[in-house]
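Chemist: Structure file upload_17.cif (mmCIF, C-alpha atoms) is given on the next line.
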```cif
data_protein
loop_
_atom_site.group_PDB
_atom_site.id
_atom_site.type_symbol
_atom_site.label_atom_id
_atom_site.label_comp_id
_atom_site.auth_asym_id
_atom_site.auth_seq_id
_atom_site.Cartn_x
_atom_site.Cartn_y
_atom_site.Cartn_z
ATOM 1 C CA MET W 1469 91.942 111.504 83.130
ATOM 2 C CA ASP W 1470 89.103 109.422 81.698
ATOM 3 C CA GLU W 1471 87.504 106.248 83.079
ATOM 4 C CA LYS W 1472 89.365 104.002 80.603
ATOM 5 C CA SER W 1473 92.732 105.425 81.652
ATOM 6 C CA ILE W 1474 91.872 104.943 85.329
ATOM 7 C CA LYS W 1475 90.893 101.304 84.720
ATOM 8 C CA SER W 1476 94.126 100.747 82.807
ATOM 9 C CA LEU W 1477 96.136 102.252 85.652
ATOM 10 C CA GLU W 1478 94.301 100.067 88.176
ATOM 11 C CA GLU W 1479 95.170 96.944 86.205
ATOM 12 C CA TYR W 1480 98.782 98.003 85.632
ATOM 13 C CA LYS W 1481 99.530 99.122 89.206
ATOM 14 C CA GLY W 1482 97.228 96.835 91.222
ATOM 15 C CA ALA W 1483 95.453 99.849 92.656
ATOM 16 C CA LYS W 1484 91.816 100.858 93.187
ATOM 17 C CA CYS W 1485 90.603 104.376 92.432
ATOM 18 C CA ILE W 1486 88.946 106.031 95.446
ATOM 19 C CA GLY W 1487 87.901 109.147 93.575
ATOM 20 C CA VAL W 1488 88.964 112.057 91.445
ATOM 21 C CA PHE W 1489 89.700 115.266 93.355
ATOM 22 C CA ASP W 1490 90.537 118.493 91.508
ATOM 23 C CA GLU W 1491 90.761 116.425 88.306
ATOM 24 C CA VAL W 1492 93.424 114.118 89.812
ATOM 25 C CA PRO W 1493 92.628 110.445 90.541
ATOM 26 C CA TYR W 1494 93.651 108.945 93.894
ATOM 27 C CA PHE W 1495 94.096 105.233 94.567
ATOM 28 C CA ILE W 1496 94.638 102.684 97.320
ATOM 29 C CA ASP W 1497 96.667 99.512 96.938
ATOM 30 C CA ALA W 1498 94.617 96.482 95.961
ATOM 31 C CA SER W 1499 97.504 94.159 95.092
ATOM 32 C CA GLY W 1500 97.983 92.755 98.574
ATOM 33 C CA CYS W 1501 101.248 94.526 99.368
ATOM 34 C CA ALA W 1502 101.375 94.558 103.164
ATOM 35 C CA PHE W 1503 103.535 97.666 103.185
ATOM 36 C CA ALA W 1504 101.016 99.689 101.164
ATOM 37 C CA ARG W 1505 97.988 99.168 103.398
ATOM 38 C CA GLU W 1506 98.179 102.710 104.777
ATOM 39 C CA VAL W 1507 98.997 104.841 101.770
ATOM 40 C CA VAL W 1508 97.110 106.895 99.247
ATOM 41 C CA LEU W 1509 98.485 106.906 95.739
ATOM 42 C CA LYS W 1510 98.053 110.076 93.681
ATOM 43 C CA TYR W 1511 98.326 110.020 89.910
ATOM 44 C CA ASN W 1512 101.273 112.101 88.721
ATOM 45 C CA PRO W 1513 101.754 112.219 84.930
ATOM 46 C CA PHE W 1514 105.140 113.916 85.314
ATOM 47 C CA ARG W 1515 106.899 111.028 87.043
ATOM 48 C CA SER W 1516 108.863 108.962 84.584
ATOM 49 C CA MET W 1517 108.992 105.492 86.167
ATOM 50 C CA ASP W 1518 106.408 105.354 88.920
ATOM 51 C CA ILE W 1519 103.317 107.246 87.877
ATOM 52 C CA LEU W 1520 101.900 107.496 91.377
ATOM 53 C CA ASP W 1521 102.949 109.711 94.269
ATOM 54 C CA ILE W 1522 102.593 108.120 97.704
ATOM 55 C CA PHE W 1523 101.018 109.843 100.692
ATOM 56 C CA ASP W 1524 101.132 108.405 104.180
ATOM 57 C CA VAL W 1525 97.605 108.361 105.599
ATOM 58 C CA LEU W 1526 98.965 108.320 109.132
ATOM 59 C CA ASP W 1527 100.362 111.814 108.586
ATOM 60 C CA GLU W 1528 97.164 113.881 108.607
ATOM 61 C CA ARG W 1529 98.963 116.874 107.096
ATOM 62 C CA ASP W 1530 99.385 115.005 103.811
ATOM 63 C CA LEU W 1531 95.711 114.643 102.951
ATOM 64 C CA PRO W 1532 92.717 116.956 102.728
ATOM 65 C CA GLN W 1533 89.747 115.721 104.754
ATOM 66 C CA ASN W 1534 87.628 114.778 101.708
ATOM 67 C CA ILE W 1535 90.368 112.501 100.375
ATOM 68 C CA LYS W 1536 90.933 111.002 103.843
ATOM 69 C CA ALA W 1537 87.181 110.224 104.095
ATOM 70 C CA ALA W 1538 87.201 108.569 100.651
ATOM 71 C CA TYR W 1539 90.282 106.602 101.688
ATOM 72 C CA ASP W 1540 88.676 105.366 104.920
ATOM 73 C CA LYS W 1541 85.565 104.202 103.054
ATOM 74 C CA ALA W 1542 87.544 102.496 100.275
ATOM 75 C CA VAL W 1543 89.875 100.727 102.732
ATOM 76 C CA ARG W 1544 86.949 99.314 104.705
ATOM 77 C CA GLU W 1545 85.349 98.040 101.480
ATOM 78 C CA ARG W 1546 88.640 96.581 100.251
ATOM 79 C CA ASP W 1547 89.378 94.889 103.572
ATOM 80 C CA THR W 1548 85.901 93.393 103.971
ATOM 81 C CA GLN W 1549 84.808 92.640 100.395
ATOM 82 C CA ASP W 1550 87.915 91.956 98.278
ATOM 83 C CA THR W 1551 88.650 88.324 99.134
ATOM 84 C CA ALA W 1552 91.689 88.127 96.828
ATOM 85 C CA TYR W 1553 93.233 91.120 98.601
ATOM 86 C CA VAL W 1554 92.478 89.711 102.070
ATOM 87 C CA GLU W 1555 93.950 86.329 101.121
ATOM 88 C CA ALA W 1556 97.079 88.006 99.746
ATOM 89 C CA ILE W 1557 97.562 90.058 102.934
ATOM 90 C CA HIS W 1558 96.942 87.056 105.183
ATOM 91 C CA GLY W 1559 99.301 84.999 103.019
ATOM 92 C CA THR W 1560 102.136 87.359 103.917
ATOM 93 C CA GLY W 1561 101.378 86.996 107.627
ATOM 94 C CA PHE W 1562 99.739 90.404 108.048
ATOM 95 C CA GLU W 1563 96.244 91.494 108.982
ATOM 96 C CA THR W 1564 94.239 93.859 106.848
ATOM 97 C CA LEU W 1565 94.336 97.429 108.050
ATOM 98 C CA THR W 1566 90.684 97.148 109.119
ATOM 99 C CA GLU W 1567 91.384 94.004 111.167
ATOM 100 C CA GLU W 1568 94.342 95.682 112.809
ATOM 101 C CA ARG W 1569 92.336 98.812 113.649
ATOM 102 C CA GLU W 1570 89.450 96.763 115.064
ATOM 103 C CA ARG W 1571 91.841 94.724 117.208
ATOM 104 C CA HIS W 1572 93.411 97.918 118.618
ATOM 105 C CA GLU W 1573 90.000 99.478 119.252
ATOM 106 C CA LYS W 1574 88.815 96.340 121.068
ATOM 107 C CA ALA W 1575 91.936 96.308 123.249
ATOM 108 C CA ALA W 1576 91.463 99.996 124.058
ATOM 109 C CA ARG W 1577 87.829 99.402 125.051
ATOM 110 C CA GLU W 1578 88.845 96.486 127.259
ATOM 111 C CA ASN W 1579 91.524 98.619 128.933
ATOM 112 C CA ARG W 1580 89.003 101.369 129.669
ATOM 113 C CA THR W 1581 86.545 98.923 131.253
ATOM 114 C CA ALA W 1582 89.180 97.045 133.244
#
```
Could I get this structure in the form of structure tokens?
Modeler:
Amino acid sequence: MDEKSIKSLEEYKGAKCIGVFDEVPYFIDASGCAFAREVVLKYNPFRSMDILDIFDVLDERDLPQNIKAAYDKAVRERDTQDTAYVEAIHGTGFETLTEERERHEKAARENRTA
């Protein structure tokens, strides 16, 4: 898949490409859908309606480590630099995934020191 096709898919699906692995592009949601904060979308040209397969990042078995690392980096960038995305997530009453993770990590640290 070429760069133009990836850009077209990003615009059409509201996704952001995190890399191409074994000649297959992978994406994260960039539309502000609160229920897609934790998924990786894999391009699948054989699906008729929805051209992306969804993988749950929370299930480590679904993703090879290199794709998981690209996902983690892209999510942090999206959640800290994409103001339109952050506003859309906050507008639905949710936190970004990065905010949620940081809040949980802070609470865990406080529990350990208490």
Chemist: Using the chain letters and numbers from the file, which residues does the PyMOL selection byres ((chain W and resi 1549-1556) around 10) grab, as number ranges by chain?
Modeler: W: 1497-1502, 1543-1548, 1557-1565
Chemist: Keeping only C-alpha atoms, write the selected residues to a file as an mmCIF file, in the frame of the given file.
Modeler:
```
data_model
loop_
_atom_site.group_PDB
_atom_site.id
_atom_site.type_symbol
_atom_site.label_atom_id
_atom_site.label_comp_id
_atom_site.auth_asym_id
_atom_site.auth_seq_id
_atom_site.Cartn_x
_atom_site.Cartn_y
_atom_site.Cartn_z
ATOM 1 C CA ASP W 1497 96.667 99.512 96.938
ATOM 2 C CA ALA W 1498 94.617 96.482 95.961
ATOM 3 C CA SER W 1499 97.504 94.159 95.092
ATOM 4 C CA GLY W 1500 97.983 92.755 98.574
ATOM 5 C CA CYS W 1501 101.248 94.526 99.368
ATOM 6 C CA ALA W 1502 101.375 94.558 103.164
ATOM 7 C CA VAL W 1543 89.875 100.727 102.732
ATOM 8 C CA ARG W 1544 86.949 99.314 104.705
ATOM 9 C CA GLU W 1545 85.349 98.040 101.480
ATOM 10 C CA ARG W 1546 88.640 96.581 100.251
ATOM 11 C CA ASP W 1547 89.378 94.889 103.572
ATOM 12 C CA THR W 1548 85.901 93.393 103.971
ATOM 13 C CA ILE W 1557 97.562 90.058 102.934
ATOM 14 C CA HIS W 1558 96.942 87.056 105.183
ATOM 15 C CA GLY W 1559 99.301 84.999 103.019
ATOM 16 C CA THR W 1560 102.136 87.359 103.917
ATOM 17 C CA GLY W 1561 101.378 86.996 107.627
ATOM 18 C CA PHE W 1562 99.739 90.404 108.048
ATOM 19 C CA GLU W 1563 96.244 91.494 108.982
ATOM 20 C CA THR W 1564 94.239 93.859 106.848
ATOM 21 C CA LEU W 1565 94.336 97.429 108.050
#
```
Chemist: I'd like to know which of W:Asp1490, W:Phe1495, W:Asn1512, W:Asn1534 is closest to W:Lys1475, using all atoms listed in the file.
Modeler: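 Checking each candidate against W:Lys1475, we get W:Phe1495 as the closest.
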Chemist: Between atom CA of W:Ile1535 and atom CA of W:Lys1510, what is the spacing in Å?
Modeler: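 Those two atoms sit 10.5 Å apart.
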Chemist: Could you state the separation of atom CA of W:Gln1533 and atom CA of W:Glu1573 in Å, given to one decimal place?
Modeler: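 Interatomic distance, atom CA of W:Gln1533 to atom CA of W:Glu1573: 21.8 Å.
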Chemist: Point out the residue among W:Glu1506, W:Phe1489, W:Leu1531, W:Pro1513 with the least atom-to-atom distance to W:Ser1473, counting all atoms listed in the file.
Modeler: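 Going through W:Glu1506, W:Phe1489, W:Leu1531, W:Pro1513 one by one, the smallest distance to W:Ser1473 is for W:Pro1513.
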Chemist: What residues come out when you apply the PyMOL selection byres ((chain W and resi 1478) around 12) to this file, written as a ChimeraX atom specification?
Modeler: /W:1471-1477,1479-1486,1493-1499,1509,1511,1519-1520
Chemist: Enter the distance from atom CA of W:Val1488 to atom CA of W:Asp1470, in Å, rounded to one decimal.
Modeler: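 Between atom CA of W:Val1488 and atom CA of W:Asp1470 the gap is 10.1 Å.
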Chemist: Of the candidates W:Gly1487, W:Ala1537, W:Ile1522, W:Arg1571, which one gets nearest to W:Phe1503 if we count all atoms listed in the file?
Modeler: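 Checking each candidate against W:Phe1503, we get W:Ile1522 as the closest.
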